[in-house]
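**Q** Take this structure, written in C-alpha cells, and hold onto it; I'll ask about it next.
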Amino acid sequence: MVGLVQQPIRIGMIGYQFMGKAHSHAYRDLPFYFDTPLKPELKVIAGRNEAAVKEAQARYGFESYETDWRKLIEREDVDVIDIVTPNHTHLEIALAAIEAGKHLIIEKPLSMNAADAKRMYQATKKSGVKHMICHNYRFAPAIQFAKQLIDQGKIGRVFHYRANYLQDFIIDPDFPLVWRLKKDIAGSGALGDLGAHSLDLARFLNGEISELTSTMETFIKERPLGDMTGGLSAKGSSDQMGEVTVDDAVAVIARFENGALGTFEATRFANGNRNKNKFEINGDKGSIRWDMEDMNNLELYLHDDEAGEQGFRLINCTEEVHPYAGAYWPAGHIIGYEHTFINLMHEFLQGIAEDYQPKPDFEDGLRNQLLLEAIEQSAKERAWVKVERV
C-alpha cells in the first residue's frame with residue numbers, strides 16, 4: 001500500500017525475558033513486512049531488576065525503562081500494555097491497564113484460575129479496550145490454512161482430534177526449581193505451559209469441548225533451588241531442595257460439542273522432543289496433520305483420491321494464497337517461530353486501527369482457563385467433568 005500514512009502506537013512492555021524478546025522482535029519487524037495504519041513505537045519496558053531491564057531496553061530497542069510497572073501504566077505516552085510476566089502477576093497488572101484505558105496483550109495462560117480470568121474478561125467488556133491473548137501458534141500460515149480447509153468441509157465430519165505437546169527440558173533431576181515449577185506462580189505445569197496451546201488450537205480448529213476426563217503426574221517431587229536464565233535455560237543457586245508443586249505431565253480424553261473425540265497429552269519429560277506441538281484431525285472425507293517442528297508444512301489426506309493415489313500430500317504453506325505467507329518471501333522460502341508473533345501482532349494492531357475485537361481475545365483466554373480448571377478437577381476426582389460454559 002504505497003503512500004500509506006502510518007500513525008504511531010506506543011508500546012509499554014512489562015517483563016523482558018523469553019516472551020519479551022519474542023514480542024519486541026515482532027513489533028520491530030512488523031512494519032517491514034506489513035502495511036498497517038499503526039506503526040509500533042517501543043516506548044518503555046518495565047522490570048524489577050534495574051540492571052537486567054536496562055540491558056533489555058537497550059537490546060530490544062525501547063526508548064526508556066521503569067522498575068515499577070505501575071509507573072509504566074500511568075504514563076501518558078503509552079497506548080498498549082504488553083504483559084509478559086509470570087502468570088501470578090497477570091490479574092493485577094491487566095486490571096490496572098484496563099482501568100487506565102490501555103489496549104493490552106498478554107501471554108498465556110490468561111490467569112491463575114477461571115475466577116480471575118472472568119474478572120479480566122468482564123473488565124475488558126466494560127471498558128471497550130482491545131485485548132488479545134498470545135496463542136501465537138494460531139498464526140502459523142499452515143494453521144490458518146488448515147482452518148480454511150476444515151471450514152470448507154474438505155475433511156468432512158470430524159471424528160477424532162488428537163494432540164501432543166512434548167518437551168524434554170526438565171527431564172534432568174538436577175534442573176532447578178524455577179518459577180515454572182511452582183504452582184503459586186505458574187498455576188500449573190505442563191498443563192498450562194504446553195497443554196493450553198494444544199487446547200486453544202483444538203478450539204480454534206474444531207470448536208468447543210463439552211466434557212473431559214484426565215490424569216496428571218509429577219515425576220520428580222523435589223529439585224534444587226534455582227532461577228530461569230533465558231529461554232528455557234536455568235541454573236541452580238544452592239544445594240537446598242524445594243518441592244515441585246505442579247504437574248510434569250497430563251493426559252486428557254475429551255468430547256467436543258460437534259461429537260468428535262479428543263485426546264491430548266502434554267509433558268516436559270519426552271526425551272528427544274524439544275518442542276513437538278502436533279495434532280492430527282480425522283474426518284469422514286479426509287485428515288489433516290501438523291507439527292510445529294515442521295511448521296511450514298501441512299499434511300492433507302483426501303478419501304476421494306483415486307485408488308492407488310491415496311496418501312497424505314505435503315503442502316508447503318508458503319504460497320501467496322496461504323494466509324500471511326504473501327507478506328514474506330517467495331514460495332518455498334520458509335518462515336519461522338518468530339513470524340507467528342509478527343502475524344499475531346499484525347492482527348492486534350489491525351483490530352485497534354479498524355475498531356474490531358481481534359482474536360484470540362480474553363474470552364478465548366477464559367474458555368481456555370475453564371478447560372485447564374476442568375482438567376485439574378477431573379484428575380483430582382478421577383472422574384468425567386463437564387466444562388463450564390461462558
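Identifiers in this document derive from the order of the C-alpha cells: chains are assigned A, B, ..., residues are numbered from 1 separately in each chain, and ligands are numbered from 1 in order of occurrence.
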Which residues come within 7 Å of region 38-43 of chain A, counting only C-alpha atoms, excluding same-chain residues fewer than 6 positions away, as a PyMOL selection string?

**A** chain A and resi 6-12+27+31+61-64+78+349+353

**Q** Please return, as an NGL selection string, all residues of region 166-252 of chain A that DSSP assigns to strand (DSSP E) on the basis of the backbone.

**A** :A and (166 or 209-217 or 222-230 or 233-243 or 249-252)

**Q** So the first atom is CA of Phe341 (chain A) and the second is CA of Val84 (chain A); what is the distance between them in Å, to one decimal place?

**A**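 Atom-to-atom, CA of Phe341 (chain A) and CA of Val84 (chain A) are spaced 13.1 Å apart.
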
**Q** Excluding Asp200 (chain A) and residues on its chain fewer than 5 positions from it, collect all residues at most 8 Å away from it, counting only C-alpha atoms, and give them as a PyMOL selection string.

**A** chain A and resi 135+364+368

**Q** Please give the complete set of residues from region 163-332 of chain A that DSSP, run on the backbone, assigns to alpha helix (DSSP H), formatted as a PDB file with N, CA and C atoms, in the first residue's frame.

**A**
ATOM      1  N   LYS A 183       3.459 -23.855  41.765  1.00  0.00           N
ATOM      2  CA  LYS A 183       2.042 -23.631  41.496  1.00  0.00           C
ATOM      3  C   LYS A 183       1.589 -22.226  41.871  1.00  0.00           C
ATOM      4  N   ASP A 184       2.135 -21.652  42.930  1.00  0.00           N
ATOM      5  CA  ASP A 184       1.684 -20.328  43.364  1.00  0.00           C
ATOM      6  C   ASP A 184       2.122 -19.227  42.405  1.00  0.00           C
ATOM      7  N   ILE A 185       3.033 -19.539  41.481  1.00  0.00           N
ATOM      8  CA  ILE A 185       3.483 -18.559  40.490  1.00  0.00           C
ATOM      9  C   ILE A 185       2.974 -18.919  39.100  1.00  0.00           C
ATOM     10  N   ALA A 186       3.079 -20.208  38.728  1.00  0.00           N
ATOM     11  CA  ALA A 186       2.729 -20.648  37.376  1.00  0.00           C
ATOM     12  C   ALA A 186       1.280 -21.080  37.238  1.00  0.00           C
ATOM     13  N   ALA A 190       3.038 -28.580  32.985  1.00  0.00           N
ATOM     14  CA  ALA A 190       2.896 -28.893  31.566  1.00  0.00           C
ATOM     15  C   ALA A 190       1.494 -28.555  31.066  1.00  0.00           C
ATOM     16  N   ALA A 196      -2.176 -25.731  27.293  1.00  0.00           N
ATOM     17  CA  ALA A 196      -3.011 -24.574  26.964  1.00  0.00           C
ATOM     18  C   ALA A 196      -2.944 -24.267  25.475  1.00  0.00           C
ATOM     19  N   HIS A 197      -1.772 -24.413  24.869  1.00  0.00           N
ATOM     20  CA  HIS A 197      -1.629 -24.179  23.431  1.00  0.00           C
ATOM     21  C   HIS A 197      -2.410 -25.220  22.638  1.00  0.00           C
ATOM     22  N   SER A 198      -2.278 -26.490  23.013  1.00  0.00           N
ATOM     23  CA  SER A 198      -2.995 -27.550  22.299  1.00  0.00           C
ATOM     24  C   SER A 198      -4.499 -27.361  22.382  1.00  0.00           C
ATOM     25  N   LEU A 199      -4.972 -26.986  23.556  1.00  0.00           N
ATOM     26  CA  LEU A 199      -6.407 -26.781  23.747  1.00  0.00           C
ATOM     27  C   LEU A 199      -6.914 -25.596  22.939  1.00  0.00           C
ATOM     28  N   ASP A 200      -6.119 -24.542  22.866  1.00  0.00           N
ATOM     29  CA  ASP A 200      -6.533 -23.387  22.071  1.00  0.00           C
ATOM     30  C   ASP A 200      -6.628 -23.751  20.591  1.00  0.00           C
ATOM     31  N   LEU A 201      -5.635 -24.480  20.078  1.00  0.00           N
ATOM     32  CA  LEU A 201      -5.691 -24.894  18.677  1.00  0.00           C
ATOM     33  C   LEU A 201      -6.898 -25.784  18.423  1.00  0.00           C
ATOM     34  N   ALA A 202      -7.215 -26.661  19.370  1.00  0.00           N
ATOM     35  CA  ALA A 202      -8.369 -27.546  19.219  1.00  0.00           C
ATOM     36  C   ALA A 202      -9.659 -26.744  19.149  1.00  0.00           C
ATOM     37  N   ARG A 203      -9.809 -25.759  20.020  1.00  0.00           N
ATOM     38  CA  ARG A 203     -10.995 -24.902  19.985  1.00  0.00           C
ATOM     39  C   ARG A 203     -11.062 -24.131  18.674  1.00  0.00           C
ATOM     40  N   PHE A 204      -9.937 -23.598  18.230  1.00  0.00           N
ATOM     41  CA  PHE A 204      -9.880 -22.814  17.002  1.00  0.00           C
ATOM     42  C   PHE A 204     -10.266 -23.653  15.788  1.00  0.00           C
ATOM     43  N   LEU A 205      -9.773 -24.874  15.732  1.00  0.00           N
ATOM     44  CA  LEU A 205      -9.960 -25.717  14.551  1.00  0.00           C
ATOM     45  C   LEU A 205     -11.220 -26.567  14.600  1.00  0.00           C
ATOM     46  N   ASN A 206     -11.648 -26.990  15.799  1.00  0.00           N
ATOM     47  CA  ASN A 206     -12.713 -27.982  15.880  1.00  0.00           C
ATOM     48  C   ASN A 206     -13.858 -27.606  16.825  1.00  0.00           C
TER      49      ASN A 206
END

**Q** Would you mind telling me which residue in A:Gly308, A:Gly189, A:Gly236, A:Pro109 lies nearest to Glu363 (chain A) when using only C-alpha atoms?

**A** A:Pro109

**Q** Quick one: residues within 9 Å of Glu299 (chain A), only C-alpha atoms, excluding same-chain residues fewer than 6 positions away - as a VMD selection string?

**A** chain A and resid 287 to 290 312 to 316

**Q** Take the residues from that selection and put them in a file with C-alpha atoms, as a PDB file, in the first residue's frame.

**A**
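See out36.pdb below for the written result:
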ATOM      1  CA  SER A 287      -7.443 -35.982   7.564  1.00  0.00           C
ATOM      2  CA  ILE A 288      -5.056 -33.158   8.451  1.00  0.00           C
ATOM      3  CA  ARG A 289      -1.738 -33.349  10.302  1.00  0.00           C
ATOM      4  CA  TRP A 290       0.636 -30.632  11.545  1.00  0.00           C
ATOM      5  CA  PHE A 312      -1.013 -37.822   2.771  1.00  0.00           C
ATOM      6  CA  ARG A 313       0.114 -34.993   0.497  1.00  0.00           C
ATOM      7  CA  LEU A 314       2.607 -32.460   1.816  1.00  0.00           C
ATOM      8  CA  ILE A 315       1.570 -28.834   1.357  1.00  0.00           C
ATOM      9  CA  ASN A 316       4.323 -26.285   1.866  1.00  0.00           C
TER      10      ASN A 316
END

**Q** Have a look at A:Ala52, A:Ala254, A:Ile342, A:Ala270 and name the one nearest to Trp384 (chain A); count only C-alpha atoms.

**A**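 Among the listed residues, the smallest separation from Trp384 (chain A) belongs to A:Ala254.
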
**Q** If you measure from CA of Asp79 (chain A) to CA of His346 (chain A), what distance in Å do you get, rounded to one decimal?

**A**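 Interatomic distance here is 15.7 Å.
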
**Q** Rounded to one decimal place, report the CA of Gly242 (chain A)-CA of Leu191 (chain A) distance in Å.

**A**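 Spanning CA of Gly242 (chain A) to CA of Leu191 (chain A) is a straight-line distance of 20.5 Å.
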
**Q** Excluding region 208-218 of chain A and residues on its chain fewer than 4 positions from it, collect all residues at most 8 Å away from it, counting only C-alpha atoms, and give them as a PyMOL selection string.

**A** chain A and resi 202-203+244+246-258+374-376+378-380+382-387
